[in-house]
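Structure, as structure tokens:
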Amino acid sequence: MTSPAPIAAEPLSDVVPLDLNAWTGWLQDQVDPLWRPGEWSQQAWFFDGDVDNPRTSASKCITASCWTVVHSRNLFCRHCLEVHRTSTLSREEFVATYERPRRTRTEWGAEREPCVVEAPYGRCERPIYIGGICRAHYARWRRRPDQQVTVEEWLATTTAEPLPAKPTCIIRGCFNQRVISGLCNSHLQQWDREKREGATRDAEQWASQTAARLLTNQFTLRDLAEPVRWEFLYGLQQRDARGGVIEPLAARLLTRRLEGVPSLLTVDVESSIERIIHHHNVVALFRETVRGLRRASLSFRGLAPTDADIWDLGWMNLRSTALGGRRHRPGQVDASAIRQPWLRDVIKTWADTVSLDSGKFKRVFAACVVASDALHARPGGGQDYTNLRFVDMQAVFTAMSRIRRTTDDELASRNYRRQSFGCFTEIIDFGRKTDMLTGMPGSFDRDKTLVLPPEETSEDAAGKAVPEPVIAQLDAHLALMGAGFSYGEMAQADIELMMQTAYLVLRDTGRRPVEIAGLRLKCLETRGDENTLIWDNIKKRRYGRKLPITRETAAVIRTWQARRRRLEVPSRSRKYLFPAITDRSGIAHMGSSLANAMREWVGAVPVLLSDELDDQGNRLPFDRSLIFPYAFRHSYAQRHADAGVPVDVLKELMDHRSIVTTMSYYQVSLKRKREAITTMRKHTIDRSGRPAPFTSTTDYEAQSVAVPFGNCREPSNVKAGGKACAIRFQCAGCGFYRPDPSYLPAIEEHVNDLRADCETAKAMDADDFVVRNLTDQITAFTNVAGTMRDRLGSLPQDEREEIEAASSVLRKVRATRDHQLLPLTVIRREPQDDDS
């Protein structure tokens, strides 16, 4: 087996104490020599994890009869896992009843049963060799006079004396007793094999260069350089003090890569983790250890964490914004970007005083960087806060109003720029309240004139939606979703089905990614042919919500539910549809893995094309960075808005509190509306199916009114805004009826309703004229719809696509025509004399 690539060291940097001897001595004073008694041996630099300690990530296989140590709790070993997969027993039954066959030999470092030779004063302390007796007693049995006597008969007739235990093997970390040349039997055999292959080293020389085969719950620091030993031990003890779990397997893998490194402070973390990125726990341990040591190196030199130019957010005791509170990535800010010392001091005091999360701190810090640059450009550079005036605050406000996004250099949203200015003034207010800015003029403050102008509403506020043609291309490569993605101990086929199910539910329901990940195992409710998804609106803390879903989506969920119930999942995840990787995850259900799997999937799709064309008329590639889990919520809403679903219906489907939020998906500019009408007016027909195009866009809008199933040209109904139909919207029998292709979905839905009404009328034994009226309407509307479909089918493909796009725009306009937002009127109540 090839050894892992070691981590390279770089020359000592400014953060590294130059005197490594003094640094090592300081670390020795910081570590606890009695740390983890029974597990850690300071003298041997050896960790032998207690499998019963919940703070150690190692345990015995959950099968009652198995002895194998695994790297985490509540897991099967590989042998038991394979046997269980082929058995018909449930997890609980298998754990309790399966009898694993005994091994024929033991692993190095594992304890073996002692020899069976026993006397009144004790038992032989040497391990079994053959037939239940140790090697020494076996040799005596071989020299017996009567060669026909078995071991059991020999033990019954002889006076074999128990022997004391021999010293342990000279191989570091091996606790088996010595046999020959100071080696145990297993290492003796390995040494013999290497000698036959040409090795000439003696036993002691070979032992000094050979590492023992450590068990899953063991690791050693002996092979590391002296400073690195103490650095690593300090990092482990700090992790333990914070409540973290010690993972022997990750520690052992990391120590192999640290051999030859003079100090962990000399390592470039980001370049080093590229070699171990597939070992996520090793990367996490490496990052955490180095970050803790860099903070310790500041204490070693008598400095505070904020005295350095780079501030690590983990050092400032800021809460993480991640689910579960775990900090998955080290957050850092460059304090040198704030050029005014007084502003930097206020921020430091504010962060130490106010309880806040790292997200809030980053927003405030970014705003202060913008303000610092603006003040630096002013006379005096803003160095003396007692000389600041209103004109300086105006300069800060101007800089805030010009903040641009780093992704595309577009102007940031009005809300972001307004909040940034508020963050800066919050820091100024804090400095005044704490007397840190005594003497700062009152004119350097917010003013009612410093207000950003209203932001023009984007033509398509829901532009983050993944276009439907792109979704269709993704669906064509659904088999790639989850392929090669790792998820704890879960089998690859199960991972693929889980990720594909999560994507399909995300696509078809429009729930937020965290709401999909947090679905309960019993999230499906079925009544007759109706299927309902039960979900929790985590963002707004509204739980037990219900969403109608299609039969196909329900079938996808049921397929995964059946597979999910057969899986071995962490105990905390048993009630969730999409479980967490391990019991130690910050949350009990799937977290960011869906986004990671989707990112890999999108990258693996060979070609993704947009609807945009280049100069030669070829479709341009779609920007894959625009495909992320939350975008499919926008796609769901946009899909319904384009279909003309009324805005109040979509509001309920999206679970929005305000209809203003839902209205953003229906926004259509006047230009797009007129372009759609220009396209659609040419394809209008009358009730008989004959072409009846409008002469102009103005004629379409001014001389007709939209009614449920088309346009109406009857003058009194047009004047009444479509509310004065004399024949109660039996449009297919009216000479003023002018439908176009944008009404096809509404007409088809109306035909289905008429058919249902007709069947109901027949069941009620209604008079013939009632049934005949309904039947005639069905025929008339069916003819209208059929005529429009035939006309569309005869058109070229590009023209049909243009008509469909125009239809989508007009349906969105009509969906919101009865939902005008009224101005809010404030009613002031007069004070009353009583206290009621």
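Ordered as shown in the structure tokens, chains take letters A, B, and onward, while each chain numbers its residues from 1 and ligands are numbered from 1 in the order shown.
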- [ ] Give me the residues within 12 Å of Ala465 of chain A as a VMD selection string, counting only C-alpha atoms and dropping any in the same chain fewer than 6 places off.
- [x] chain A and resid 471 507 510 626 to 639 641 665
Listing only residues of segment 650-731 of chain A within 12 Å of segment 519-537 of chain A, what is the closest atom pair and its distance in Å (to one decimal) for each, using only C-alpha atoms, sorted by chain and residue number ascending, as a Markdown table?
| residue | atom | partner | partner_atom | distance |
| --- | --- | --- | --- | --- |
| A:Leu653 | CA | A:Leu533 | CA | 11.5 |
| A:Met654 | CA | A:Asn537 | CA | 10.0 |
| A:Asp655 | CA | A:Asn537 | CA | 8.0 |
| A:His656 | CA | A:Asn537 | CA | 10.1 |
| A:Arg657 | CA | A:Asn537 | CA | 11.5 |
Task: Residue contacts of Gly131 of chain A (9 Å, only C-alpha atoms) excluding same-chain residues fewer than 4 positions away, as a VMD selection string - done: chain A and resid 138 151 to 152
Selected residues written out, all heavy atoms, as a PDB file, in the first residue's frame:
ATOM      1  N   TYR A 138       2.538 -25.972  24.698  1.00  0.00           N
ATOM      2  CA  TYR A 138       2.391 -26.760  23.477  1.00  0.00           C
ATOM      3  C   TYR A 138       3.691 -27.515  23.186  1.00  0.00           C
ATOM      4  O   TYR A 138       3.680 -28.692  22.792  1.00  0.00           O
ATOM      5  CB  TYR A 138       2.029 -25.847  22.310  1.00  0.00           C
ATOM      6  CG  TYR A 138       1.959 -26.557  20.969  1.00  0.00           C
ATOM      7  CD1 TYR A 138       0.868 -27.366  20.641  1.00  0.00           C
ATOM      8  CD2 TYR A 138       2.994 -26.421  20.048  1.00  0.00           C
ATOM      9  CE1 TYR A 138       0.816 -28.023  19.429  1.00  0.00           C
ATOM     10  CE2 TYR A 138       2.939 -27.062  18.825  1.00  0.00           C
ATOM     11  CZ  TYR A 138       1.847 -27.865  18.510  1.00  0.00           C
ATOM     12  OH  TYR A 138       1.791 -28.504  17.301  1.00  0.00           O
ATOM     13  N   VAL A 151      -4.343 -33.291  23.901  1.00  0.00           N
ATOM     14  CA  VAL A 151      -4.051 -32.152  24.780  1.00  0.00           C
ATOM     15  C   VAL A 151      -4.901 -32.228  26.041  1.00  0.00           C
ATOM     16  O   VAL A 151      -4.405 -31.991  27.158  1.00  0.00           O
ATOM     17  CB  VAL A 151      -4.306 -30.822  24.036  1.00  0.00           C
ATOM     18  CG1 VAL A 151      -4.187 -29.635  24.989  1.00  0.00           C
ATOM     19  CG2 VAL A 151      -3.345 -30.662  22.875  1.00  0.00           C
ATOM     20  N   GLU A 152      -6.204 -32.547  25.881  1.00  0.00           N
ATOM     21  CA  GLU A 152      -7.092 -32.597  27.031  1.00  0.00           C
ATOM     22  C   GLU A 152      -6.652 -33.701  28.005  1.00  0.00           C
ATOM     23  O   GLU A 152      -6.635 -33.495  29.235  1.00  0.00           O
ATOM     24  CB  GLU A 152      -8.543 -32.841  26.586  1.00  0.00           C
ATOM     25  CG  GLU A 152      -9.183 -31.687  25.825  1.00  0.00           C
ATOM     26  CD  GLU A 152      -8.689 -31.570  24.392  1.00  0.00           C
ATOM     27  OE1 GLU A 152      -7.992 -32.504  23.934  1.00  0.00           O
ATOM     28  OE2 GLU A 152      -8.944 -30.531  23.735  1.00  0.00           O
TER      29      GLU A 152
END
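Taking atom CA of Arg295 of chain A and atom CA of Tyr234 of chain A as the two end points, the separation is 11.9 Å.
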- [ ] Skip segment 58-66 of chain A itself and residues of its chain fewer than 2 positions away, then list as an NGL selection string all residues within 9 Å of it, counting only C-alpha atoms.
- [x] :A and (49-56 or 68-77 or 80 or 94-102 or 216-217 or 246-249)
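Using only C-alpha atoms, the protein and nucleic acid residues lying no more than 10 Å from segment 719-728 of chain A, apart from those fewer than 4 places from it along its own chain, are Ala702, Gln703, Ser704, Val705, Ala706, Val707, Pro708, Asn711, Cys712, Arg713, Glu714, Pro715, Gly733 and Cys734 of chain A.
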Write out the residues from the selection above, keeping all heavy atoms, as a compact mmCIF listing (two decimals), in the first residue's frame.
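For reference, part37.txt as written:
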# COMPACT_ATOMS: atom_id res chain seq x y z
N ALA A 702 -58.38 48.08 -26.57
CA ALA A 702 -59.44 49.07 -26.34
C ALA A 702 -60.81 48.57 -26.77
O ALA A 702 -61.82 48.97 -26.18
CB ALA A 702 -59.10 50.37 -27.08
N GLN A 703 -60.89 47.73 -27.78
CA GLN A 703 -62.18 47.33 -28.33
C GLN A 703 -62.62 45.95 -27.86
O GLN A 703 -63.55 45.38 -28.42
CB GLN A 703 -62.10 47.34 -29.87
CG GLN A 703 -61.70 48.67 -30.48
CD GLN A 703 -62.66 49.79 -30.09
OE1 GLN A 703 -63.87 49.58 -30.06
NE2 GLN A 703 -62.13 50.97 -29.80
N SER A 704 -61.94 45.39 -26.90
CA SER A 704 -62.33 44.10 -26.36
C SER A 704 -62.00 44.04 -24.88
O SER A 704 -61.25 44.89 -24.36
CB SER A 704 -61.64 42.96 -27.10
OG SER A 704 -60.24 42.99 -26.85
N VAL A 705 -62.55 43.06 -24.20
CA VAL A 705 -62.28 42.87 -22.79
C VAL A 705 -62.07 41.38 -22.55
O VAL A 705 -62.70 40.54 -23.19
CB VAL A 705 -63.45 43.41 -21.92
CG1 VAL A 705 -64.72 42.61 -22.18
CG2 VAL A 705 -63.09 43.36 -20.44
N ALA A 706 -61.14 41.07 -21.64
CA ALA A 706 -60.84 39.66 -21.34
C ALA A 706 -61.93 39.09 -20.45
O ALA A 706 -62.25 39.63 -19.39
CB ALA A 706 -59.48 39.55 -20.67
N VAL A 707 -62.54 38.01 -20.92
CA VAL A 707 -63.49 37.24 -20.13
C VAL A 707 -62.87 35.87 -19.88
O VAL A 707 -61.81 35.57 -20.42
CB VAL A 707 -64.85 37.15 -20.86
CG1 VAL A 707 -65.54 38.51 -20.87
CG2 VAL A 707 -64.68 36.63 -22.26
N PRO A 708 -63.48 34.99 -19.05
CA PRO A 708 -62.78 33.77 -18.65
C PRO A 708 -62.24 32.90 -19.77
O PRO A 708 -61.21 32.26 -19.61
CB PRO A 708 -63.85 33.02 -17.84
CG PRO A 708 -64.72 34.09 -17.28
CD PRO A 708 -64.76 35.16 -18.34
N ASN A 711 -61.62 36.78 -25.50
CA ASN A 711 -61.93 38.21 -25.53
C ASN A 711 -63.37 38.41 -25.99
O ASN A 711 -63.91 37.62 -26.78
CB ASN A 711 -60.98 38.95 -26.48
CG ASN A 711 -59.58 39.02 -25.90
OD1 ASN A 711 -59.40 39.32 -24.74
ND2 ASN A 711 -58.58 38.74 -26.72
N CYS A 712 -63.98 39.48 -25.49
CA CYS A 712 -65.36 39.81 -25.84
C CYS A 712 -65.41 41.22 -26.44
O CYS A 712 -64.81 42.15 -25.88
CB CYS A 712 -66.26 39.74 -24.60
SG CYS A 712 -67.99 40.18 -24.93
N ARG A 713 -66.18 41.38 -27.55
CA ARG A 713 -66.27 42.67 -28.22
C ARG A 713 -67.65 43.29 -28.07
O ARG A 713 -67.95 44.31 -28.70
CB ARG A 713 -65.94 42.52 -29.70
CG ARG A 713 -64.55 41.94 -29.95
CD ARG A 713 -64.05 42.24 -31.33
NE ARG A 713 -63.80 43.68 -31.50
CZ ARG A 713 -63.13 44.20 -32.52
NH1 ARG A 713 -62.65 43.42 -33.46
NH2 ARG A 713 -62.96 45.50 -32.62
N GLU A 714 -68.51 42.72 -27.24
CA GLU A 714 -69.84 43.28 -27.04
C GLU A 714 -69.70 44.61 -26.31
O GLU A 714 -69.15 44.66 -25.20
CB GLU A 714 -70.68 42.30 -26.23
CG GLU A 714 -72.18 42.50 -26.36
CD GLU A 714 -72.68 43.66 -25.50
OE1 GLU A 714 -72.21 43.75 -24.34
OE2 GLU A 714 -73.50 44.45 -25.98
N PRO A 715 -70.18 45.72 -26.90
CA PRO A 715 -69.88 47.06 -26.36
C PRO A 715 -70.25 47.25 -24.89
O PRO A 715 -69.45 47.80 -24.13
CB PRO A 715 -70.70 47.99 -27.27
CG PRO A 715 -70.84 47.23 -28.54
CD PRO A 715 -70.95 45.79 -28.15
N GLY A 733 -71.39 30.47 -27.79
CA GLY A 733 -72.60 30.72 -28.55
C GLY A 733 -72.82 32.18 -28.85
O GLY A 733 -73.92 32.58 -29.24
N CYS A 734 -71.80 33.03 -28.65
CA CYS A 734 -71.92 34.48 -28.81
C CYS A 734 -71.14 34.95 -30.02
O CYS A 734 -69.99 34.53 -30.25
CB CYS A 734 -71.43 35.19 -27.55
SG CYS A 734 -71.49 37.00 -27.66
Within 7 Å of segment 754-758 of chain A, counting only C-alpha atoms, which residues show up once you throw out same-chain ones fewer than 2 positions away? Write them as a PDB file with N, CA, C and O atoms, in the first residue's frame, please.
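The result, stored in out-v8.pdb:
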ATOM      1  N   HIS A 750     -62.558  24.496 -18.693  1.00  0.00           N
ATOM      2  CA  HIS A 750     -63.995  24.758 -18.675  1.00  0.00           C
ATOM      3  C   HIS A 750     -64.765  23.598 -19.301  1.00  0.00           C
ATOM      4  O   HIS A 750     -65.852  23.228 -18.823  1.00  0.00           O
ATOM      5  N   VAL A 751     -64.221  23.023 -20.359  1.00  0.00           N
ATOM      6  CA  VAL A 751     -64.872  21.866 -20.979  1.00  0.00           C
ATOM      7  C   VAL A 751     -64.966  20.710 -19.977  1.00  0.00           C
ATOM      8  O   VAL A 751     -66.007  20.028 -19.887  1.00  0.00           O
ATOM      9  N   ASN A 752     -63.907  20.476 -19.224  1.00  0.00           N
ATOM     10  CA  ASN A 752     -63.947  19.410 -18.211  1.00  0.00           C
ATOM     11  C   ASN A 752     -65.014  19.700 -17.155  1.00  0.00           C
ATOM     12  O   ASN A 752     -65.731  18.791 -16.707  1.00  0.00           O
ATOM     13  N   THR A 760     -73.686  15.379 -13.725  1.00  0.00           N
ATOM     14  CA  THR A 760     -74.462  15.655 -12.514  1.00  0.00           C
ATOM     15  C   THR A 760     -75.916  15.924 -12.857  1.00  0.00           C
ATOM     16  O   THR A 760     -76.844  15.457 -12.168  1.00  0.00           O
ATOM     17  N   ALA A 761     -76.142  16.684 -13.943  1.00  0.00           N
ATOM     18  CA  ALA A 761     -77.515  16.997 -14.355  1.00  0.00           C
ATOM     19  C   ALA A 761     -78.270  15.726 -14.739  1.00  0.00           C
ATOM     20  O   ALA A 761     -79.461  15.569 -14.411  1.00  0.00           O
ATOM     21  N   LYS A 762     -77.592  14.822 -15.428  1.00  0.00           N
ATOM     22  CA  LYS A 762     -78.242  13.558 -15.796  1.00  0.00           C
ATOM     23  C   LYS A 762     -78.581  12.755 -14.550  1.00  0.00           C
ATOM     24  O   LYS A 762     -79.661  12.135 -14.478  1.00  0.00           O
ATOM     25  N   VAL A 771     -79.704  19.504 -20.016  1.00  0.00           N
ATOM     26  CA  VAL A 771     -78.652  18.622 -20.500  1.00  0.00           C
ATOM     27  C   VAL A 771     -78.230  19.037 -21.902  1.00  0.00           C
ATOM     28  O   VAL A 771     -77.040  19.036 -22.247  1.00  0.00           O
ATOM     29  N   LEU A 774     -75.943  22.108 -21.849  1.00  0.00           N
ATOM     30  CA  LEU A 774     -74.573  21.773 -21.440  1.00  0.00           C
ATOM     31  C   LEU A 774     -73.842  21.020 -22.548  1.00  0.00           C
ATOM     32  O   LEU A 774     -72.660  21.274 -22.821  1.00  0.00           O
ATOM     33  N   ILE A 778     -70.433  22.143 -24.558  1.00  0.00           N
ATOM     34  CA  ILE A 778     -69.246  21.278 -24.643  1.00  0.00           C
ATOM     35  C   ILE A 778     -68.796  21.151 -26.092  1.00  0.00           C
ATOM     36  O   ILE A 778     -67.603  21.281 -26.422  1.00  0.00           O
TER      37      ILE A 778
END
Task: Ser181 of chain A environment, 10 Å, only C-alpha atoms, sequence neighbours closer than 5 positions dropped, as a list in words - done: Cys169, Ile170, Leu188, Asp202, Ala203 and Glu204 of chain A
Open item on the list: If you run DSSP on the backbone here, which positions in segment 639-741 of chain A get helix (DSSP H, G or I)? Please write them as a PyMOL selection string.
Closed with: chain A and resi 639-642+647-654+659-666+670-683+697-702+715-719+731-733+741
- [ ] Please measure the separation of atom CA of Leu285 of chain A and atom CA of Val269 of chain A, giving the value in Å to one decimal.
- [x] 11.4 Å
- [ ] Record the distance separating atom CA of Thr553 of chain A and atom CA of His477 of chain A, expressed in Å with one decimal.
- [x] 18.0 Å
TODO: Please report, as a list in words, each residue of segment 71-178 of chain A to which DSSP assigns strand (DSSP E or B) when run on this structure's backbone.
DONE: Pro114, Glu118, Ala119, Gly122, Arg123, Pro127, Ile130, Ile133, Thr168 and Gln177 of chain A
Atoms kept (C-alpha atoms) for selection, written as a PDB file, in the first residue's frame:
ATOM      1  CA  PRO A 114      -4.979 -16.854  28.036  1.00  0.00           C
ATOM      2  CA  GLU A 118      -4.603 -23.472  35.636  1.00  0.00           C
ATOM      3  CA  ALA A 119      -3.562 -24.132  39.234  1.00  0.00           C
ATOM      4  CA  GLY A 122      -3.627 -18.809  39.324  1.00  0.00           C
ATOM      5  CA  ARG A 123      -3.914 -19.325  35.603  1.00  0.00           C
ATOM      6  CA  PRO A 127      -1.806 -16.317  25.204  1.00  0.00           C
ATOM      7  CA  ILE A 130      -2.835 -24.055  19.607  1.00  0.00           C
ATOM      8  CA  ILE A 133      -2.573 -23.837  25.414  1.00  0.00           C
ATOM      9  CA  THR A 168       5.169  -7.164  25.430  1.00  0.00           C
ATOM     10  CA  GLN A 177       3.596 -10.956  24.397  1.00  0.00           C
TER      11      GLN A 177
END
Open item on the list: Nearest residue to Gln383 of chain A out of A:Trp342, A:Phe361, A:Phe47, A:Trp350, using only C-alpha atoms?
Closed with: A:Trp342
